[in-house]
file protein-v6.tsv (TSV, C-alpha atoms)
chain	number	residue	atom	x	y	z
A	19	MET	CA	63.12	19.68	134.65
A	20	LYS	CA	61.14	17.91	137.36
A	21	LEU	CA	62.69	14.51	137.99
A	22	ALA	CA	62.13	11.29	139.87
A	23	ALA	CA	65.33	9.61	141.05
A	24	LEU	CA	65.83	5.87	141.01
A	25	PHE	CA	67.26	5.54	144.50
A	26	SER	CA	69.09	2.71	146.26
A	27	GLY	CA	70.91	4.70	148.93
A	28	GLY	CA	74.32	3.91	147.47
A	29	LYS	CA	76.94	6.30	146.17
A	30	ASP	CA	75.82	6.18	142.51
A	31	SER	CA	72.16	7.03	142.98
A	32	THR	CA	72.90	9.67	145.64
A	33	TYR	CA	75.69	11.34	143.67
A	34	SER	CA	73.47	11.37	140.57
A	35	ILE	CA	70.92	13.43	142.51
A	36	TYR	CA	73.72	15.77	143.56
A	37	LYS	CA	74.85	16.18	139.93
A	38	VAL	CA	71.40	16.82	138.43
A	39	LYS	CA	70.70	19.39	141.14
A	40	GLN	CA	73.92	21.13	140.08
A	41	MET	CA	72.53	21.12	136.53
A	42	GLY	CA	69.48	22.99	137.78
A	43	HIS	CA	66.97	20.14	137.80
A	44	ASP	CA	64.43	19.64	140.59
A	45	VAL	CA	64.28	16.15	142.12
A	46	LYS	CA	60.68	15.79	143.29
A	47	CYS	CA	60.70	12.21	144.57
A	48	LEU	CA	62.76	9.09	145.14
A	49	ILE	CA	61.73	5.80	143.55
A	50	THR	CA	62.85	2.69	145.40
A	51	VAL	CA	62.01	-0.92	144.64
A	52	PHE	CA	62.77	-3.35	147.45
A	53	PRO	CA	64.04	-6.50	145.70
A	54	LYS	CA	63.33	-9.96	147.06
A	55	SER	CA	67.02	-10.88	147.27
A	56	ALA	CA	70.54	-10.06	146.16
A	57	ASN	CA	69.91	-12.01	142.94
A	58	SER	CA	68.34	-8.97	141.25
A	59	HIS	CA	70.07	-7.87	138.03
A	60	LEU	CA	68.55	-4.38	138.10
A	61	LEU	CA	68.30	-3.40	141.75
A	62	HIS	CA	70.47	-2.79	144.81
A	63	PHE	CA	69.73	-5.07	147.79
A	64	PRO	CA	71.89	-4.65	150.95
A	65	ASN	CA	70.33	-2.40	153.62
A	66	ILE	CA	67.75	-1.06	151.17
A	67	GLU	CA	65.39	-0.32	154.09
A	68	LEU	CA	67.69	2.53	155.13
A	69	THR	CA	66.56	4.51	152.07
A	70	LYS	CA	63.60	5.59	154.23
A	71	LEU	CA	66.01	7.31	156.62
A	72	GLN	CA	67.93	8.79	153.69
A	73	SER	CA	64.70	10.13	152.21
A	74	GLU	CA	64.08	11.90	155.50
A	75	THR	CA	67.50	13.54	155.66
A	76	LEU	CA	67.41	14.41	151.94
A	77	LYS	CA	63.96	15.95	152.46
A	78	ILE	CA	62.77	14.30	149.27
A	79	PRO	CA	59.63	12.13	149.48
A	80	GLN	CA	60.01	8.44	148.62
A	81	ILE	CA	57.60	6.16	146.79
A	82	SER	CA	58.35	2.46	146.94
A	83	LEU	CA	57.11	-1.08	146.45
A	84	ALA	CA	58.45	-4.46	147.55
A	85	LEU	CA	58.92	-7.39	145.18
A	86	ASN	CA	57.96	-11.02	145.71
A	87	SER	CA	60.19	-12.29	142.92
A	88	ASP	CA	63.65	-11.78	141.43
A	89	ASP	CA	62.23	-11.98	137.92
A	90	SER	CA	63.41	-8.98	135.85
A	91	SER	CA	60.03	-8.62	134.14
A	92	GLU	CA	58.32	-8.14	137.51
A	93	GLU	CA	60.95	-5.60	138.51
A	94	ILE	CA	60.25	-3.66	135.31
A	95	ASN	CA	56.48	-3.78	135.85
A	96	VAL	CA	56.85	-2.45	139.39
A	97	LEU	CA	59.12	0.35	138.16
A	98	LYS	CA	56.51	1.30	135.57
A	99	THR	CA	53.87	1.45	138.29
A	100	LEU	CA	56.05	3.70	140.45
A	101	LEU	CA	56.91	5.97	137.51
A	102	GLU	CA	53.24	6.43	136.71
A	103	LYS	CA	52.65	7.35	140.36
A	104	ALA	CA	55.56	9.83	140.21
A	105	LYS	CA	54.01	11.40	137.11
A	106	SER	CA	50.60	11.61	138.73
A	107	ASP	CA	51.63	12.77	142.21
A	108	PHE	CA	54.73	14.86	141.46
A	109	HIS	CA	54.28	15.79	137.76
A	110	VAL	CA	57.79	14.64	136.84
A	111	ASP	CA	59.17	14.94	133.32
A	112	GLY	CA	62.01	12.47	133.63
A	113	LEU	CA	64.04	9.96	135.63
A	114	VAL	CA	67.61	10.20	136.89
A	115	HIS	CA	69.53	6.92	136.96
A	116	GLY	CA	72.99	6.39	138.45
A	117	GLY	CA	74.26	3.83	135.95
A	118	ILE	CA	77.89	4.03	134.89
A	119	SER	CA	78.54	1.27	132.37
A	120	SER	CA	75.84	-1.42	132.48
A	121	GLU	CA	74.24	-1.48	129.04
A	122	PHE	CA	71.63	-3.96	130.31
A	123	GLN	CA	70.45	-1.59	133.03
A	124	LYS	CA	70.60	1.49	130.80
A	125	LYS	CA	68.56	-0.11	128.00
A	126	SER	CA	66.03	-1.49	130.49
A	127	PHE	CA	65.46	1.90	132.08
A	128	GLU	CA	65.42	3.70	128.74
A	129	LYS	CA	62.70	1.34	127.52
A	130	ILE	CA	60.60	1.93	130.65
A	131	CYS	CA	60.99	5.71	130.31
A	132	ASN	CA	60.11	5.66	126.61
A	133	GLU	CA	56.93	3.73	127.36
A	134	SER	CA	56.08	6.20	130.14
A	135	ASN	CA	56.89	9.23	127.95
A	136	LEU	CA	59.67	10.37	130.28
A	137	ASP	CA	63.18	11.63	129.63
A	138	ILE	CA	66.09	9.83	131.28
A	139	ILE	CA	69.23	11.46	132.64
A	140	THR	CA	72.36	9.44	133.45
A	141	PRO	CA	74.92	11.95	134.77
A	142	LEU	CA	77.54	9.30	135.61
A	143	TRP	CA	77.42	7.37	132.34
A	144	LYS	CA	80.91	6.26	131.22
A	145	ILE	CA	82.65	8.36	133.88
A	146	ASN	CA	86.25	7.36	134.59
A	147	PRO	CA	86.13	5.17	137.74
A	148	LYS	CA	89.17	6.65	139.48
A	149	GLU	CA	88.09	10.20	138.68
A	150	TYR	CA	84.59	9.41	139.93
A	151	MET	CA	85.73	7.90	143.24
A	152	ASN	CA	87.92	10.93	143.91
A	153	ASN	CA	85.09	13.28	142.93
A	154	LEU	CA	82.91	11.64	145.58
A	155	LEU	CA	85.40	12.46	148.32
A	156	ASN	CA	86.13	15.93	146.96
A	157	SER	CA	82.37	16.60	147.06
A	158	ASN	CA	82.28	15.58	150.75
A	159	PHE	CA	80.47	12.30	150.27
A	160	LYS	CA	81.00	9.81	153.07
A	161	PHE	CA	80.09	6.25	152.21
A	162	ILE	CA	80.67	2.76	153.51
A	163	LEU	CA	80.81	-0.60	151.78
A	164	THR	CA	77.84	-2.79	152.72
A	165	SER	CA	78.83	-5.83	150.67
A	166	VAL	CA	81.89	-7.20	148.89
A	167	SER	CA	82.00	-10.09	146.44
A	168	SER	CA	85.24	-10.03	144.49
A	169	ASP	CA	88.76	-11.36	144.70
A	170	GLY	CA	90.88	-8.75	146.46
A	171	LEU	CA	88.08	-7.48	148.68
A	172	ASP	CA	87.89	-9.06	152.13
A	173	GLU	CA	85.93	-8.54	155.35
A	174	ARG	CA	88.14	-5.62	156.40
A	175	TRP	CA	86.30	-3.42	153.89
A	176	LEU	CA	82.84	-4.07	155.32
A	177	GLY	CA	81.37	-1.04	157.11
A	178	LYS	CA	84.45	1.06	156.40
A	179	ILE	CA	84.07	4.75	155.49
A	180	ILE	CA	86.13	5.09	152.33
A	181	SER	CA	89.03	7.57	152.44
A	182	ALA	CA	91.43	8.93	149.82
A	183	ASP	CA	94.04	6.39	150.95
A	184	ASP	CA	91.45	3.64	150.56
A	185	ILE	CA	90.82	4.68	146.96
A	186	LEU	CA	94.54	4.41	146.22
A	187	GLN	CA	94.52	0.91	147.73
A	188	LEU	CA	91.33	-0.07	145.88
A	189	ASP	CA	92.84	1.16	142.62
A	190	LYS	CA	95.83	-1.15	143.11
A	191	LEU	CA	93.56	-4.07	144.03
A	192	SER	CA	91.30	-3.46	141.01
A	193	ASN	CA	94.30	-3.52	138.69
A	194	LYS	CA	95.57	-6.72	140.29
A	195	HIS	CA	92.27	-8.61	140.55
A	196	GLY	CA	90.36	-7.14	137.61
A	197	PHE	CA	87.32	-5.70	139.36
A	198	ASN	CA	85.78	-2.34	138.47
A	199	LEU	CA	87.04	0.41	140.79
A	200	SER	CA	83.58	2.01	140.97
A	201	PHE	CA	82.02	-1.44	141.65
A	202	GLU	CA	79.66	-1.08	138.69
A	203	GLY	CA	79.74	-4.83	138.19
A	204	GLY	CA	78.37	-5.50	141.67
A	205	GLU	CA	81.79	-6.27	143.17
A	206	ALA	CA	80.70	-4.17	146.16
A	207	GLU	CA	77.67	-2.19	147.30
A	208	SER	CA	77.71	1.08	149.21
A	209	LEU	CA	75.67	3.28	151.51
A	210	VAL	CA	76.02	7.06	151.76
A	211	VAL	CA	76.07	8.08	155.43
A	212	ASP	CA	76.64	11.79	154.80
A	213	CYS	CA	76.88	14.26	151.91
A	214	PRO	CA	76.07	17.92	151.15
A	215	LEU	CA	72.46	16.98	150.33
A	216	TYR	CA	71.79	15.58	153.81
A	217	SER	CA	70.19	17.67	156.53
A	218	TYR	CA	71.83	15.37	159.09
A	219	PRO	CA	74.33	12.51	158.82
A	220	ILE	CA	73.31	8.92	159.40
A	221	VAL	CA	74.78	7.27	162.48
A	222	ILE	CA	74.94	3.48	162.56
A	223	THR	CA	74.33	2.30	166.12
A	224	LYS	CA	74.13	-1.46	165.62
A	225	ALA	CA	75.52	-3.63	162.81
A	226	LYS	CA	77.28	-6.88	162.12
A	227	ALA	CA	79.65	-8.09	159.42
A	228	ILE	CA	78.95	-11.50	157.88
A	229	TRP	CA	81.78	-13.17	155.96
A	230	ASP	CA	81.74	-16.59	154.26
A	231	GLY	CA	85.37	-16.70	153.18
A	232	TYR	CA	84.83	-15.13	149.77
A	233	ARG	CA	81.98	-12.63	150.01
A	234	GLY	CA	80.44	-10.69	152.82
A	235	ARG	CA	77.84	-8.14	153.82
A	236	PHE	CA	77.49	-5.48	156.47
A	237	GLU	CA	74.03	-5.80	158.00
A	238	ILE	CA	72.86	-2.59	159.63
A	239	GLU	CA	70.41	-3.41	162.40
A	240	ASP	CA	69.87	0.09	163.78
A	241	ALA	CA	70.65	3.61	162.54
A	242	SER	CA	69.43	7.14	163.15
A	243	LEU	CA	69.96	10.75	162.09
A	244	ASP	CA	72.44	12.76	164.16
A	245	SER	CA	70.58	16.05	164.65
A	246	ASN	CA	73.48	17.43	166.72
A	247	ALA	CA	76.00	17.15	163.89
A	248	ARG	CA	74.98	20.28	161.96
call {"tool": "encode", "arguments": {"input": "protein-v6.tsv", "output": "structure tokens"}}
result
Amino acid sequence: MKLAALFSGGKDSTYSIYKVKQMGHDVKCLITVFPKSANSHLLHFPNIELTKLQSETLKIPQISLALNSDDSSEEINVLKTLLEKAKSDFHVDGLVHGGISSEFQKKSFEKICNESNLDIITPLWKINPKEYMNNLLNSNFKFILTSVSSDGLDERWLGKIISADDILQLDKLSNKHGFNLSFEGGEAESLVVDCPLYSYPIVITKAKAIWDGYRGRFEIEDASLDSNAR
């Protein structure tokens, strides 16, 4: 099946592309909506501009639009517009979405796809969080946390490439503080800096961590592809 991928640059959307490719599907384009702010209920916000660099290293073309509002209805309308463009330009039959447990997101995207006469594939739906996080590392995904906003997660996690030991620690913290280990509830956001789908890894050359005492974000100011790393 020819697919468009709803793409934020984080672990869930990138790993979903990896999984559907393993299933034999062909991902023809990336669909990215640049939200106005972090208040979006449907879309990923931190460092979303880096999806352009990820599109380049994935060698999958990206179609995108920027929003002027955090209103969910506008987000849905923009997604419909991009899906119609994906159908017209890339002849896609469906959409891949990296949702894990958000019924709100799943129903919203299912409705959009139904109205656009497209199938929807959610390869991570209801996956066990600990199993999923370990699968990411076992599949050679390298990702950092670009925001944290939960009890138990402090500024030390910002910009950190997550290791197997980190997952053990995060599992303990999630049990203690009650956040979702896969961060499906927005407790943290991520960015994939390397994976088997990339032609070249992403190297972050300038960034800063911003921490307000409870939540924080890792603002990437400059990044590039390391063409010497392959």
call {"tool": "atom_distance", "arguments": {"input": "protein-v6.tsv", "atom1": "atom CA of Arg233 of chain A", "atom2": "atom CA of Gly117 of chain A"}}
result
23.0 Å
call {"tool": "residues_around", "arguments": {"input": "protein-v6.tsv", "residues": "His43 of chain A", "least_positions_apart": "2", "cutoff": "12 Å", "atoms": "all atoms listed in the file", "output": "PyMOL selection string"}}
result
chain A and resi 19-23+34-41+45-46+110-114+139+141
call {"tool": "residues_near_point", "arguments": {"input": "protein-v6.tsv", "point": "(63.1, 4.7, 129.8)", "cutoff": "10 Å", "atoms": "only C-alpha atoms", "output": "list in words"}}
result
Lys98, Leu101, Gly112, Leu113, His115, Lys124, Lys125, Ser126, Phe127, Glu128, Lys129, Ile130, Cys131, Asn132, Glu133, Ser134, Asn135, Leu136, Asp137, Ile138 and Ile139 of chain A
call {"tool": "closest_residue", "arguments": {"input": "protein-v6.tsv", "among": "A:Ser91, A:Gln123, A:Ser168, A:Ser26", "to": "Ser192 of chain A", "atoms": "only C-alpha atoms"}}
result
A:Ser168
call {"tool": "closest_residue", "arguments": {"input": "protein-v6.tsv", "among": "A:Asn153, A:Ser119, A:Thr69, A:Asn198", "to": "Ala241 of chain A", "atoms": "all atoms listed in the file"}}
result
A:Thr69
call {"tool": "residues_around", "arguments": {"input": "protein-v6.tsv", "residues": "segment 154-165 of chain A", "least_positions_apart": "2", "cutoff": "6 Å", "atoms": "only C-alpha atoms", "output": "list in words"}}
result
Met151, Asn152, Leu176, Gly177, Lys178, Ile179, Ala206, Glu207, Ser208, Leu209, Val210, Val211, Asp212, Cys213, Gly234, Arg235 and Phe236 of chain A
call {"tool": "write_last_selection", "arguments": {"input": "protein-v6.tsv", "atoms": "C-alpha atoms", "output": "compact mmCIF listing (two decimals), keeping the file's coordinate frame"}}
result
# COMPACT_ATOMS: atom_id res chain seq x y z
CA MET A 151 85.73 7.90 143.24
CA ASN A 152 87.92 10.93 143.91
CA LEU A 176 82.84 -4.07 155.32
CA GLY A 177 81.37 -1.04 157.11
CA LYS A 178 84.45 1.06 156.40
CA ILE A 179 84.07 4.75 155.49
CA ALA A 206 80.70 -4.17 146.16
CA GLU A 207 77.67 -2.19 147.30
CA SER A 208 77.71 1.08 149.21
CA LEU A 209 75.67 3.28 151.51
CA VAL A 210 76.02 7.06 151.76
CA VAL A 211 76.07 8.08 155.43
CA ASP A 212 76.64 11.79 154.80
CA CYS A 213 76.88 14.26 151.91
CA GLY A 234 80.44 -10.69 152.82
CA ARG A 235 77.84 -8.14 153.82
CA PHE A 236 77.49 -5.48 156.47
call {"tool": "closest_residue", "arguments": {"input": "protein-v6.tsv", "among": "A:Ile220, A:Gln187, A:Ile81, A:Trp143", "to": "Lys103 of chain A", "atoms": "only C-alpha atoms"}}
result
A:Ile81
call {"tool": "decode", "arguments": {"input": "protein-v6.tsv", "residues": "segment 98-123 of chain A", "atoms": "N, CA and C atoms", "output": "compact mmCIF listing (two decimals), in the first residue's frame"}}
result
# COMPACT_ATOMS: atom_id res chain seq x y z
N LYS A 98 -6.60 17.70 6.54
CA LYS A 98 -7.39 17.29 5.39
C LYS A 98 -6.78 17.83 4.09
N THR A 99 -6.38 19.10 4.13
CA THR A 99 -5.77 19.73 2.96
C THR A 99 -4.50 18.99 2.55
N LEU A 100 -3.67 18.65 3.53
CA LEU A 100 -2.41 17.96 3.23
C LEU A 100 -2.65 16.54 2.74
N LEU A 101 -3.67 15.88 3.28
CA LEU A 101 -3.99 14.53 2.82
C LEU A 101 -4.47 14.54 1.38
N GLU A 102 -5.27 15.52 1.04
CA GLU A 102 -5.73 15.63 -0.35
C GLU A 102 -4.55 15.88 -1.28
N LYS A 103 -3.58 16.67 -0.83
CA LYS A 103 -2.38 16.91 -1.64
C LYS A 103 -1.57 15.62 -1.78
N ALA A 104 -1.48 14.84 -0.69
CA ALA A 104 -0.76 13.57 -0.73
C ALA A 104 -1.43 12.60 -1.71
N LYS A 105 -2.76 12.61 -1.72
CA LYS A 105 -3.48 11.76 -2.67
C LYS A 105 -3.22 12.20 -4.11
N SER A 106 -3.24 13.49 -4.33
CA SER A 106 -3.08 14.03 -5.66
C SER A 106 -1.65 13.88 -6.18
N ASP A 107 -0.67 14.21 -5.32
CA ASP A 107 0.73 14.25 -5.77
C ASP A 107 1.43 12.89 -5.68
N PHE A 108 1.04 12.08 -4.69
CA PHE A 108 1.75 10.82 -4.44
C PHE A 108 0.87 9.58 -4.57
N HIS A 109 -0.43 9.78 -4.84
CA HIS A 109 -1.37 8.68 -5.08
C HIS A 109 -1.42 7.69 -3.91
N VAL A 110 -1.44 8.23 -2.69
CA VAL A 110 -1.44 7.36 -1.51
C VAL A 110 -2.82 6.76 -1.28
N ASP A 111 -2.79 5.58 -0.64
CA ASP A 111 -4.02 4.86 -0.31
C ASP A 111 -4.37 4.96 1.17
N GLY A 112 -3.39 5.41 1.98
CA GLY A 112 -3.64 5.42 3.41
C GLY A 112 -2.65 6.30 4.16
N LEU A 113 -2.86 6.36 5.47
CA LEU A 113 -2.05 7.18 6.37
C LEU A 113 -1.53 6.31 7.50
N VAL A 114 -0.25 6.47 7.84
CA VAL A 114 0.30 5.81 9.01
C VAL A 114 0.41 6.84 10.13
N HIS A 115 -0.06 6.43 11.31
CA HIS A 115 -0.11 7.31 12.48
C HIS A 115 0.54 6.58 13.66
N GLY A 116 1.40 7.29 14.40
CA GLY A 116 2.16 6.67 15.48
C GLY A 116 1.51 6.67 16.84
N GLY A 117 0.19 6.79 16.89
CA GLY A 117 -0.49 6.80 18.18
C GLY A 117 -0.37 5.47 18.92
N ILE A 118 -0.34 5.57 20.25
CA ILE A 118 -0.20 4.37 21.08
C ILE A 118 -1.46 4.12 21.91
N SER A 119 -1.99 5.17 22.54
CA SER A 119 -3.14 4.94 23.41
C SER A 119 -4.14 6.08 23.46
N SER A 120 -3.89 7.17 22.74
CA SER A 120 -4.80 8.31 22.80
C SER A 120 -6.03 8.07 21.92
N GLU A 121 -7.15 7.80 22.56
CA GLU A 121 -8.39 7.59 21.80
C GLU A 121 -8.80 8.86 21.07
N PHE A 122 -8.56 10.02 21.68
CA PHE A 122 -8.92 11.29 21.05
C PHE A 122 -8.20 11.46 19.72
N GLN A 123 -6.88 11.24 19.73
CA GLN A 123 -6.10 11.36 18.50
C GLN A 123 -6.55 10.33 17.48
